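Asks: So that you have it, the file is protein.csv, and it contains CSV, C-alpha atoms and all ligand atoms:
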```csv
chain,number,residue,atom,x,y,z
A,1,MET,CA,100.7,94.9,95.6
A,2,PHE,CA,101.3,91.8,97.7
A,3,LEU,CA,99.2,89.1,96.2
A,4,ARG,CA,98.7,85.7,97.8
A,5,GLN,CA,101.9,84.2,96.4
A,6,ASP,CA,104.0,87.3,97.2
A,7,THR,CA,103.3,87.3,100.9
A,8,ARG,CA,105.8,86.2,103.5
A,9,PRO,CA,105.3,82.4,104.2
A,10,VAL,CA,104.4,81.9,107.8
A,11,LYS,CA,104.5,78.5,109.5
A,12,VAL,CA,101.6,77.4,111.6
A,13,GLY,CA,102.2,74.0,113.0
A,14,ASN,CA,102.8,71.7,110.0
A,15,LEU,CA,101.2,74.2,107.6
A,16,THR,CA,102.5,77.3,105.8
A,17,ILE,CA,100.2,80.3,105.3
A,18,GLY,CA,101.1,82.6,102.4
A,19,GLY,CA,103.8,82.3,99.8
A,20,SER,CA,101.8,79.7,97.8
A,21,ASN,CA,98.5,79.5,96.0
A,22,GLU,CA,96.8,77.3,98.6
A,23,VAL,CA,94.3,79.1,100.7
A,24,ILE,CA,94.0,77.6,104.2
A,25,ILE,CA,90.5,77.0,105.6
A,26,GLN,CA,90.0,77.9,109.2
A,27,SER,CA,87.0,77.7,111.6
A,28,MET,CA,86.4,78.4,115.3
A,29,CYS,CA,85.0,76.2,118.0
A,30,THR,CA,81.7,77.1,119.6
A,31,THR,CA,82.3,75.0,122.7
A,32,LYS,CA,83.7,76.1,126.1
A,33,THR,CA,87.4,75.4,125.6
A,34,ALA,CA,87.8,74.1,129.1
A,35,ASP,CA,85.3,71.3,128.1
A,36,VAL,CA,88.0,69.2,126.5
A,37,LYS,CA,85.7,66.4,125.4
A,38,ALA,CA,83.2,68.6,123.7
A,39,THR,CA,85.9,70.8,122.1
A,40,VAL,CA,87.8,67.8,120.7
A,41,ALA,CA,84.6,66.2,119.4
A,42,GLU,CA,83.8,69.5,117.5
A,43,ILE,CA,87.4,69.8,116.2
A,44,LEU,CA,87.3,66.2,114.9
A,45,ARG,CA,84.0,66.9,113.0
A,46,LEU,CA,85.7,70.1,111.6
A,47,GLU,CA,88.7,68.1,110.5
A,48,GLU,CA,86.5,65.6,108.7
A,49,ALA,CA,84.8,68.4,106.9
A,50,GLY,CA,88.1,69.8,105.6
A,51,CYS,CA,89.0,72.4,108.2
A,52,GLN,CA,92.8,72.9,108.3
A,53,ILE,CA,93.3,75.2,111.3
A,54,VAL,CA,91.0,75.7,114.2
A,55,ARG,CA,90.7,78.5,116.8
A,56,VAL,CA,89.5,78.3,120.3
A,57,THR,CA,88.7,81.1,122.7
A,58,VAL,CA,91.1,81.3,125.6
A,59,ASN,CA,89.2,83.6,128.0
A,60,ASN,CA,90.3,82.1,131.3
A,61,GLU,CA,93.0,79.9,132.9
A,62,GLU,CA,90.8,76.7,132.6
A,63,ALA,CA,90.7,77.3,128.8
A,64,ALA,CA,94.5,77.9,128.6
A,65,ALA,CA,95.1,74.8,130.7
A,66,ALA,CA,92.8,72.6,128.4
A,67,ILE,CA,95.0,73.3,125.4
A,68,LYS,CA,97.5,70.7,126.3
A,69,GLU,CA,95.0,67.9,126.4
A,70,ILE,CA,93.1,69.1,123.3
A,71,LYS,CA,96.4,69.2,121.3
A,72,LYS,CA,97.0,65.5,122.1
A,73,GLN,CA,93.7,64.5,120.5
A,74,ILE,CA,93.5,66.5,117.3
A,75,HIS,CA,95.4,66.6,114.1
A,76,ILE,CA,95.3,70.2,112.9
A,77,PRO,CA,97.0,73.4,114.2
A,78,LEU,CA,95.3,75.0,117.1
A,79,VAL,CA,95.0,78.8,117.5
A,80,ALA,CA,94.3,80.6,120.8
A,81,ASP,CA,92.0,83.6,120.6
A,82,ILE,CA,93.1,86.0,123.3
A,83,HIS,CA,91.9,89.5,124.2
A,84,PHE,CA,94.2,91.7,126.3
A,85,ASN,CA,95.4,89.1,128.8
A,86,TYR,CA,99.1,88.4,128.2
A,87,LYS,CA,99.2,85.8,131.0
A,88,LEU,CA,96.7,83.7,129.1
A,89,ALA,CA,98.8,84.0,126.0
A,90,LEU,CA,101.9,82.8,127.8
A,91,MET,CA,99.9,79.9,129.3
A,92,ALA,CA,98.6,78.9,125.9
A,93,ILE,CA,102.1,79.1,124.4
A,94,GLU,CA,103.5,77.0,127.2
A,95,ASN,CA,100.7,74.4,126.6
A,96,GLY,CA,101.6,73.9,123.0
A,97,ILE,CA,99.3,76.3,121.0
A,98,ASP,CA,100.3,76.7,117.3
A,99,LYS,CA,99.3,80.3,116.8
A,100,VAL,CA,98.1,83.2,118.9
A,101,ARG,CA,95.5,85.7,117.8
A,102,ILE,CA,96.2,88.8,119.9
A,103,ASN,CA,96.6,92.5,119.1
A,104,PRO,CA,99.9,93.6,120.6
A,105,GLY,CA,98.7,97.2,121.0
A,106,ASN,CA,96.0,95.9,123.4
A,107,ILE,CA,98.2,93.9,125.7
A,108,GLY,CA,99.3,96.9,127.8
A,109,ARG,CA,102.8,97.7,129.1
A,110,ARG,CA,105.8,97.1,126.9
A,111,GLU,CA,107.3,94.4,129.0
A,112,LYS,CA,104.0,92.3,128.7
A,113,VAL,CA,104.2,92.6,124.9
A,114,GLU,CA,107.9,91.7,125.0
A,115,ALA,CA,107.1,88.6,127.1
A,116,VAL,CA,104.5,87.3,124.6
A,117,VAL,CA,106.8,88.0,121.6
A,118,LYS,CA,109.7,86.3,123.3
A,119,ALA,CA,107.7,83.2,124.1
A,120,CYS,CA,106.3,83.1,120.5
A,121,LYS,CA,109.8,83.5,119.1
A,122,GLU,CA,111.2,80.7,121.3
A,123,LYS,CA,108.5,78.3,120.1
A,124,GLY,CA,108.3,79.5,116.5
A,125,ILE,CA,104.7,80.5,116.9
A,126,PRO,CA,103.1,83.2,114.7
A,127,ILE,CA,100.8,86.0,115.9
A,128,ARG,CA,97.6,87.0,114.0
A,129,ILE,CA,96.7,90.6,114.4
A,130,GLY,CA,92.9,90.7,114.2
A,131,VAL,CA,91.7,94.2,113.2
A,132,ASN,CA,87.9,94.5,113.6
A,133,ALA,CA,85.9,97.5,112.4
A,134,GLY,CA,83.8,97.2,115.5
A,135,SER,CA,86.7,97.5,118.0
A,136,LEU,CA,89.1,100.0,116.5
A,137,GLU,CA,91.5,101.9,118.9
A,138,GLN,CA,90.1,105.1,120.3
A,139,HIS,CA,92.9,107.2,118.7
A,140,LEU,CA,91.8,106.0,115.3
A,141,LEU,CA,88.1,106.7,116.0
A,142,ASP,CA,89.1,110.2,117.2
A,143,LYS,CA,91.1,110.7,114.0
A,144,TYR,CA,88.6,109.2,111.5
A,145,GLY,CA,85.3,109.8,113.4
A,146,TYR,CA,84.0,106.2,112.7
A,147,PRO,CA,85.4,102.9,111.3
A,148,THR,CA,86.7,103.3,107.7
A,149,PRO,CA,89.0,101.1,105.6
A,150,ASP,CA,91.9,103.5,106.1
A,151,ALA,CA,91.4,103.4,109.8
A,152,MET,CA,91.4,99.6,109.7
A,153,VAL,CA,94.6,99.5,107.7
A,154,GLU,CA,96.2,102.1,110.0
A,155,SER,CA,95.2,99.9,113.0
A,156,ALA,CA,96.9,96.9,111.4
A,157,LEU,CA,100.0,98.9,110.7
A,158,TYR,CA,100.0,100.1,114.3
A,159,HIS,CA,100.0,96.6,115.7
A,160,ILE,CA,102.5,95.4,113.0
A,161,GLY,CA,104.8,98.2,114.0
A,162,ILE,CA,104.9,97.0,117.6
A,163,LEU,CA,105.9,93.5,116.5
A,164,GLU,CA,108.4,94.6,113.9
A,165,GLU,CA,110.1,96.9,116.5
A,166,LEU,CA,110.7,93.7,118.5
A,167,ASP,CA,112.1,92.0,115.4
A,168,PHE,CA,109.1,89.7,115.1
A,169,HIS,CA,107.9,88.9,111.6
A,170,ASP,CA,105.8,85.7,111.8
A,171,ILE,CA,102.7,87.8,111.4
A,172,ILE,CA,99.3,87.2,109.8
A,173,VAL,CA,96.8,90.0,109.6
A,174,SER,CA,93.0,90.1,109.3
A,175,LEU,CA,90.8,93.2,108.7
A,176,LYS,CA,87.3,92.1,109.4
A,177,ALA,CA,84.1,94.1,109.1
A,178,SER,CA,80.5,93.0,108.8
A,179,ASP,CA,80.0,95.7,106.2
A,180,VAL,CA,81.1,93.9,103.0
A,181,PRO,CA,82.3,96.9,100.9
A,182,MET,CA,84.3,98.2,103.9
A,183,ALA,CA,86.0,94.8,104.4
A,184,ILE,CA,86.8,94.5,100.7
A,185,SER,CA,88.2,98.0,100.6
A,186,ALA,CA,90.3,97.4,103.8
A,187,TYR,CA,91.8,94.2,102.5
A,188,MET,CA,92.6,95.7,99.1
A,189,LYS,CA,94.3,98.7,100.7
A,190,ALA,CA,96.2,96.3,103.0
A,191,ALA,CA,97.3,94.1,100.2
A,192,GLU,CA,98.9,97.2,98.6
A,193,ILE,CA,101.3,97.7,101.5
A,194,ILE,CA,101.3,94.8,103.9
A,195,LYS,CA,103.6,91.9,103.0
A,196,TYR,CA,102.3,89.5,105.6
A,197,PRO,CA,99.6,86.9,104.7
A,198,LEU,CA,96.1,88.1,105.0
A,199,HIS,CA,93.4,86.1,106.8
A,200,LEU,CA,90.1,86.8,105.1
A,201,GLY,CA,86.8,87.2,107.0
A,202,ILE,CA,83.5,89.0,106.9
A,203,THR,CA,82.7,89.1,110.6
A,204,GLU,CA,79.2,88.6,112.1
A,205,ALA,CA,78.1,87.7,108.5
A,206,GLY,CA,74.8,86.2,109.7
A,207,THR,CA,73.0,82.9,109.4
A,208,LEU,CA,73.8,80.0,107.1
A,209,PHE,CA,71.9,81.7,104.3
A,210,SER,CA,72.6,85.4,104.6
A,211,GLY,CA,76.1,84.8,106.0
A,212,THR,CA,77.0,82.6,103.1
A,213,VAL,CA,75.9,85.2,100.6
A,214,LYS,CA,77.7,88.0,102.3
A,215,SER,CA,80.9,86.0,102.8
A,216,ALA,CA,80.9,84.8,99.2
A,217,ALA,CA,80.4,88.4,97.9
A,218,GLY,CA,83.2,89.8,100.1
A,219,MET,CA,85.7,87.0,100.0
A,220,GLY,CA,84.9,86.2,96.4
A,221,ALA,CA,85.9,89.7,95.3
A,222,LEU,CA,89.2,89.3,97.2
A,223,LEU,CA,90.0,85.8,96.2
A,224,SER,CA,89.4,86.5,92.6
A,225,ALA,CA,91.9,89.4,92.9
A,226,GLY,CA,94.6,87.1,94.3
A,227,ILE,CA,94.2,88.4,97.8
A,228,GLY,CA,94.0,86.2,100.9
A,229,SER,CA,96.1,83.3,102.1
A,230,THR,CA,93.7,81.9,104.6
A,231,MET,CA,90.0,82.4,105.4
A,232,ARG,CA,87.2,81.8,107.8
A,233,ILE,CA,83.5,82.0,107.0
A,234,SER,CA,81.8,83.3,110.1
A,235,LEU,CA,78.2,81.9,110.4
A,236,SER,CA,75.6,81.8,113.1
A,237,ALA,CA,75.5,78.0,112.5
A,238,ASP,CA,77.3,74.8,113.2
A,239,PRO,CA,81.0,75.6,112.3
A,240,VAL,CA,81.1,72.5,110.0
A,241,GLU,CA,78.9,74.6,107.7
A,242,GLU,CA,81.6,77.3,107.7
A,243,VAL,CA,84.1,74.8,106.4
A,244,LYS,CA,81.6,73.5,103.8
A,245,VAL,CA,81.0,77.1,102.5
A,246,ALA,CA,84.7,77.9,102.5
A,247,ARG,CA,85.5,74.8,100.4
A,248,GLU,CA,82.7,75.6,98.0
A,249,LEU,CA,84.0,79.1,97.6
A,250,LEU,CA,87.5,78.0,97.0
A,251,LYS,CA,86.3,75.5,94.4
A,252,THR,CA,84.6,78.3,92.6
A,253,PHE,CA,88.0,79.9,92.0
A,254,GLY,CA,89.9,76.7,91.4
A,255,LEU,CA,91.8,77.3,94.6
A,256,ILE,CA,91.3,73.8,96.1
A,257,THR,CA,92.7,70.6,94.8
A,258,ASN,CA,91.0,68.1,97.1
A,259,ALA,CA,87.3,68.6,96.6
A,260,ALA,CA,84.7,67.4,94.2
A,261,THR,CA,82.3,69.8,92.4
A,262,LEU,CA,78.6,69.3,91.7
A,263,ILE,CA,77.0,70.6,88.6
A,264,SER,CA,73.2,70.5,88.8
A,265,CYS,CA,70.6,72.1,86.6
A,266,PRO,CA,67.9,74.5,87.9
A,267,THR,CA,65.2,72.3,86.3
A,268,CYS,CA,62.4,73.4,84.0
A,269,GLY,CA,59.2,72.1,82.5
A,270,ARG,CA,61.1,69.3,80.8
A,271,LEU,CA,61.8,67.7,84.2
A,272,ASP,CA,60.5,64.1,84.8
A,273,ILE,CA,62.4,63.2,88.0
A,274,ASP,CA,62.8,64.5,91.6
A,275,LEU,CA,66.0,66.4,90.8
A,276,PHE,CA,66.2,68.6,93.9
A,277,SER,CA,66.4,65.7,96.4
A,278,ILE,CA,68.7,63.7,94.0
A,279,ALA,CA,71.1,66.8,93.7
A,280,ASN,CA,71.1,67.2,97.5
A,281,GLU,CA,71.8,63.5,98.1
A,282,VAL,CA,74.7,63.5,95.6
A,283,GLU,CA,76.1,66.8,97.0
A,284,GLU,CA,76.2,65.2,100.5
A,285,TYR,CA,77.8,62.1,99.0
A,286,ILE,CA,80.6,63.9,97.3
A,287,ALA,CA,81.3,66.2,100.3
A,288,LYS,CA,83.6,63.4,101.5
A,289,VAL,CA,85.4,63.0,98.2
A,290,LYS,CA,88.9,64.4,98.4
A,291,VAL,CA,89.8,64.5,94.6
A,292,PRO,CA,88.9,67.2,92.2
A,293,ILE,CA,86.3,65.5,90.1
A,294,LYS,CA,83.1,67.0,88.6
A,295,VAL,CA,79.8,65.3,89.0
A,296,SER,CA,76.7,66.4,87.2
A,297,VAL,CA,73.0,65.8,88.0
A,298,LEU,CA,70.7,67.0,85.3
A,299,GLY,CA,66.9,67.0,84.9
A,300,CYS,CA,66.7,65.7,81.3
A,301,ALA,CA,68.7,64.3,78.4
A,302,VAL,CA,67.8,67.2,76.0
A,303,ASN,CA,70.3,69.8,77.1
A,304,GLY,CA,71.8,68.0,80.1
A,305,PRO,CA,74.8,66.1,78.5
A,306,GLY,CA,75.8,69.2,76.6
A,307,GLU,CA,75.5,71.4,79.7
A,308,ALA,CA,77.6,68.9,81.6
A,309,LYS,CA,80.2,67.8,79.1
A,310,GLU,CA,83.0,69.0,81.5
A,311,ALA,CA,81.8,66.6,84.1
A,312,ASP,CA,83.7,63.4,84.8
A,313,ILE,CA,80.5,61.6,85.5
A,314,GLY,CA,76.8,62.5,85.5
A,315,ILE,CA,73.2,61.5,85.3
A,316,ALA,CA,70.4,62.9,83.3
A,317,GLY,CA,66.8,62.1,84.1
A,318,ALA,CA,64.4,60.6,81.6
A,319,ARG,CA,60.8,59.2,82.0
A,320,GLY,CA,61.2,56.3,84.3
A,321,GLU,CA,65.0,56.0,83.9
A,322,GLY,CA,68.3,57.7,84.2
A,323,LEU,CA,71.0,58.1,81.6
A,324,LEU,CA,74.6,57.8,82.9
A,325,PHE,CA,77.0,60.1,81.1
A,326,ARG,CA,80.7,60.3,81.1
A,327,TYR,CA,82.4,63.4,79.6
A,328,GLY,CA,79.1,64.2,77.8
A,329,GLN,CA,78.8,60.7,76.3
A,330,MET,CA,76.1,58.3,77.4
A,331,ILE,CA,77.5,55.1,78.8
A,332,ARG,CA,74.3,53.3,79.9
A,333,LYS,CA,70.6,53.6,81.0
A,334,VAL,CA,69.5,52.6,84.5
A,335,PRO,CA,66.0,52.4,86.0
A,336,GLU,CA,65.0,55.6,87.9
A,337,ALA,CA,64.9,53.8,91.2
A,338,GLU,CA,68.6,52.8,90.8
A,339,MET,CA,70.0,55.9,89.3
A,340,VAL,CA,71.5,57.5,92.4
A,341,ALA,CA,73.0,54.2,93.6
A,342,GLU,CA,74.5,53.7,90.2
A,343,LEU,CA,75.9,57.2,90.1
A,344,LYS,CA,77.5,56.7,93.5
A,345,LYS,CA,79.1,53.5,92.3
A,346,GLU,CA,80.5,55.3,89.3
A,347,ILE,CA,81.8,58.1,91.5
A,348,ASP,CA,83.6,55.6,93.7
A,349,ASN,CA,85.2,54.0,90.6
A,350,ILE,CA,86.4,57.3,89.3
A,351,VAL,CA,87.8,58.3,92.8
A,352,LYS,CA,89.6,55.0,93.0
A,353,ALA,CA,91.1,55.4,89.6
A,354,TYR,CA,92.1,58.9,90.4
A,355,GLU,CA,93.8,57.9,93.6
A,356,GLU,CA,95.7,55.1,91.9
A,357,THR,CA,97.2,57.4,89.2
B,1,LIG,FE1,65.5,71.8,81.9
B,1,LIG,FE2,66.8,69.6,81.1
B,1,LIG,FE3,68.2,71.9,81.3
B,1,LIG,FE4,67.4,70.7,83.5
B,1,LIG,S1,68.9,69.9,82.0
B,1,LIG,S2,67.2,72.9,83.0
B,1,LIG,S3,65.5,69.8,83.0
B,1,LIG,S4,66.5,71.5,79.9
```
Show the structure stored in the file as structure tokens.
Ligand code: SF4

Replies:
Amino acid sequence: MFLRQDTRPVKVGNLTIGGSNEVIIQSMCTTKTADVKATVAEILRLEEAGCQIVRVTVNNEEAAAAIKEIKKQIHIPLVADIHFNYKLALMAIENGIDKVRINPGNIGRREKVEAVVKACKEKGIPIRIGVNAGSLEQHLLDKYGYPTPDAMVESALYHIGILEELDFHDIIVSLKASDVPMAISAYMKAAEIIKYPLHLGITEAGTLFSGTVKSAAGMGALLSAGIGSTMRISLSADPVEEVKVARELLKTFGLITNAATLISCPTCGRLDIDLFSIANEVEEYIAKVKVPIKVSVLGCAVNGPGEAKEADIGIAGARGEGLLFRYGQMIRKVPEAEMVAELKKEIDNIVKAYEET
């Protein structure tokens, strides 16, 4: 079984995927790649949210040409998403792309595959093989009848075999399906036999709400089993939301070291404050925090401090006031109107202290 830390480390720009416990967060631009201004603006927003690698579609020569200028204006590795067209792959490589997502078995004649592999080798660029349950090769559909986890793994092995035959090993593999049990099974089977890092994804997962639930169910099962070196949450939403969901999911498993966690109660009849809006405001505030602190927002002082004793800092509502807690101990009372501002100040102090140590 090749768990996350056992996979072959593969360099992508200044990052290494696999071979360590860090799971890299990826997203994909929704802009036309040839529109450099819009694409760069979206990538910069993704960077700010915590995206570590970003993919753009390279579906025409204008898109491939734009890579050069986009690269100059961003700070994270850029991946070209290419289907079939080896010339676009060569152009993207020439223009400084950091990784190519292309399935070698779909490129066509052997000399075309060789040309792409040679160019990648020369520039030290990895290739991601992207198996998708919805677009399996005809010979596998003929063999299995319909997409199955075994067919997906066989597809991955088919593409890996082509690259290995050309002595190319900087490979990352994804086995995406929108059917969550199928994706989980495919990734688990792949982890048994594939030594290359796995890029996790539940494809066409849905909207912000349903896609988050489906992705968390699928990727949660895999991450908790030690599978997956990099991931993308696929949502029909602003890609910044994909990054936010990915960070939250990694926090759940203690797989991210640069993010703050919010603990908030579900509220009950004891509530005397507007906890829902406070929790949302605090969540938004700590989204930019890049240290692993825990912040709690609780409805009352009856159970709150006990429920949040793990938190570095927290607030519990009381009638007309808020109680500030640190590691479960009350440190002071503040008027209700000032409690969020006071909590933010305390968060800033903790972050500063953390950064100075
Ligand atoms: Fe209810 Fe207080 Fe617990 Fe929140 S912290 S669920 S308000 S008892």

Asks: Just want the 9 Å neighbourhood of Lys189 of chain A, counted on all atoms listed in the file, with same-chain residues fewer than 4 positions away dropped. Output as an mmCIF file with C-alpha atoms, keeping the file's coordinate frame.

Replies:
```cif
data_model
loop_
_atom_site.group_PDB
_atom_site.id
_atom_site.type_symbol
_atom_site.label_atom_id
_atom_site.label_comp_id
_atom_site.auth_asym_id
_atom_site.auth_seq_id
_atom_site.Cartn_x
_atom_site.Cartn_y
_atom_site.Cartn_z
ATOM 1 C CA PRO A 149 89.000 101.100 105.600
ATOM 2 C CA ASP A 150 91.900 103.500 106.100
ATOM 3 C CA VAL A 153 94.600 99.500 107.700
ATOM 4 C CA ILE A 184 86.800 94.500 100.700
ATOM 5 C CA SER A 185 88.200 98.000 100.600
ATOM 6 C CA ILE A 193 101.300 97.700 101.500
ATOM 7 C CA ILE A 194 101.300 94.800 103.900
#
```

Asks: Check every protein, DNA and RNA residue against ligand LIG 1 (chain B), keep those with an atom at most 6 Å away (counting all atoms listed in the file), and present them as a PyMOL selection string.

Replies: chain A and resi 265-268+270-271+298-300+302-304

Asks: Hey, which of A:Ile125, A:Ile172, A:Lys244, A:Ala177 ends up closest to Pro147 of chain A? Count all atoms listed in the file.

Replies: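 Checking each of A:Ile125, A:Ile172, A:Lys244, A:Ala177 against Pro147 of chain A, counting all atoms listed in the file, the winner is A:Ala177.
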
Asks: Record the distance separating atom CA of Val340 of chain A and atom CA of Tyr354 of chain A, expressed in Å with one decimal.

Replies: 20.7 Å

Asks: Taking all atoms listed in the file into account, name the residue in A:Lys294, A:Arg319, A:Arg101, A:Arg45 that is nearest to Ala337 of chain A.

Replies: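 For Ala337 of chain A, the nearest of the candidates is A:Arg319.
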
Asks: When you count all atoms listed in the file, which of these residues is closest to Glu164 of chain A: A:Val117, A:Lys32, A:Met91, A:Met188?

Replies: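 Closest residue, counting all atoms listed in the file: A:Val117.
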
Asks: From the options A:Asp6, A:Glu346, A:Gln73, A:Leu88, which residue's atoms come nearest to Asn60 of chain A, counting only C-alpha atoms?

Replies: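 Ranking A:Asp6, A:Glu346, A:Gln73, A:Leu88 by distance to Asn60 of chain A, first place goes to A:Leu88.
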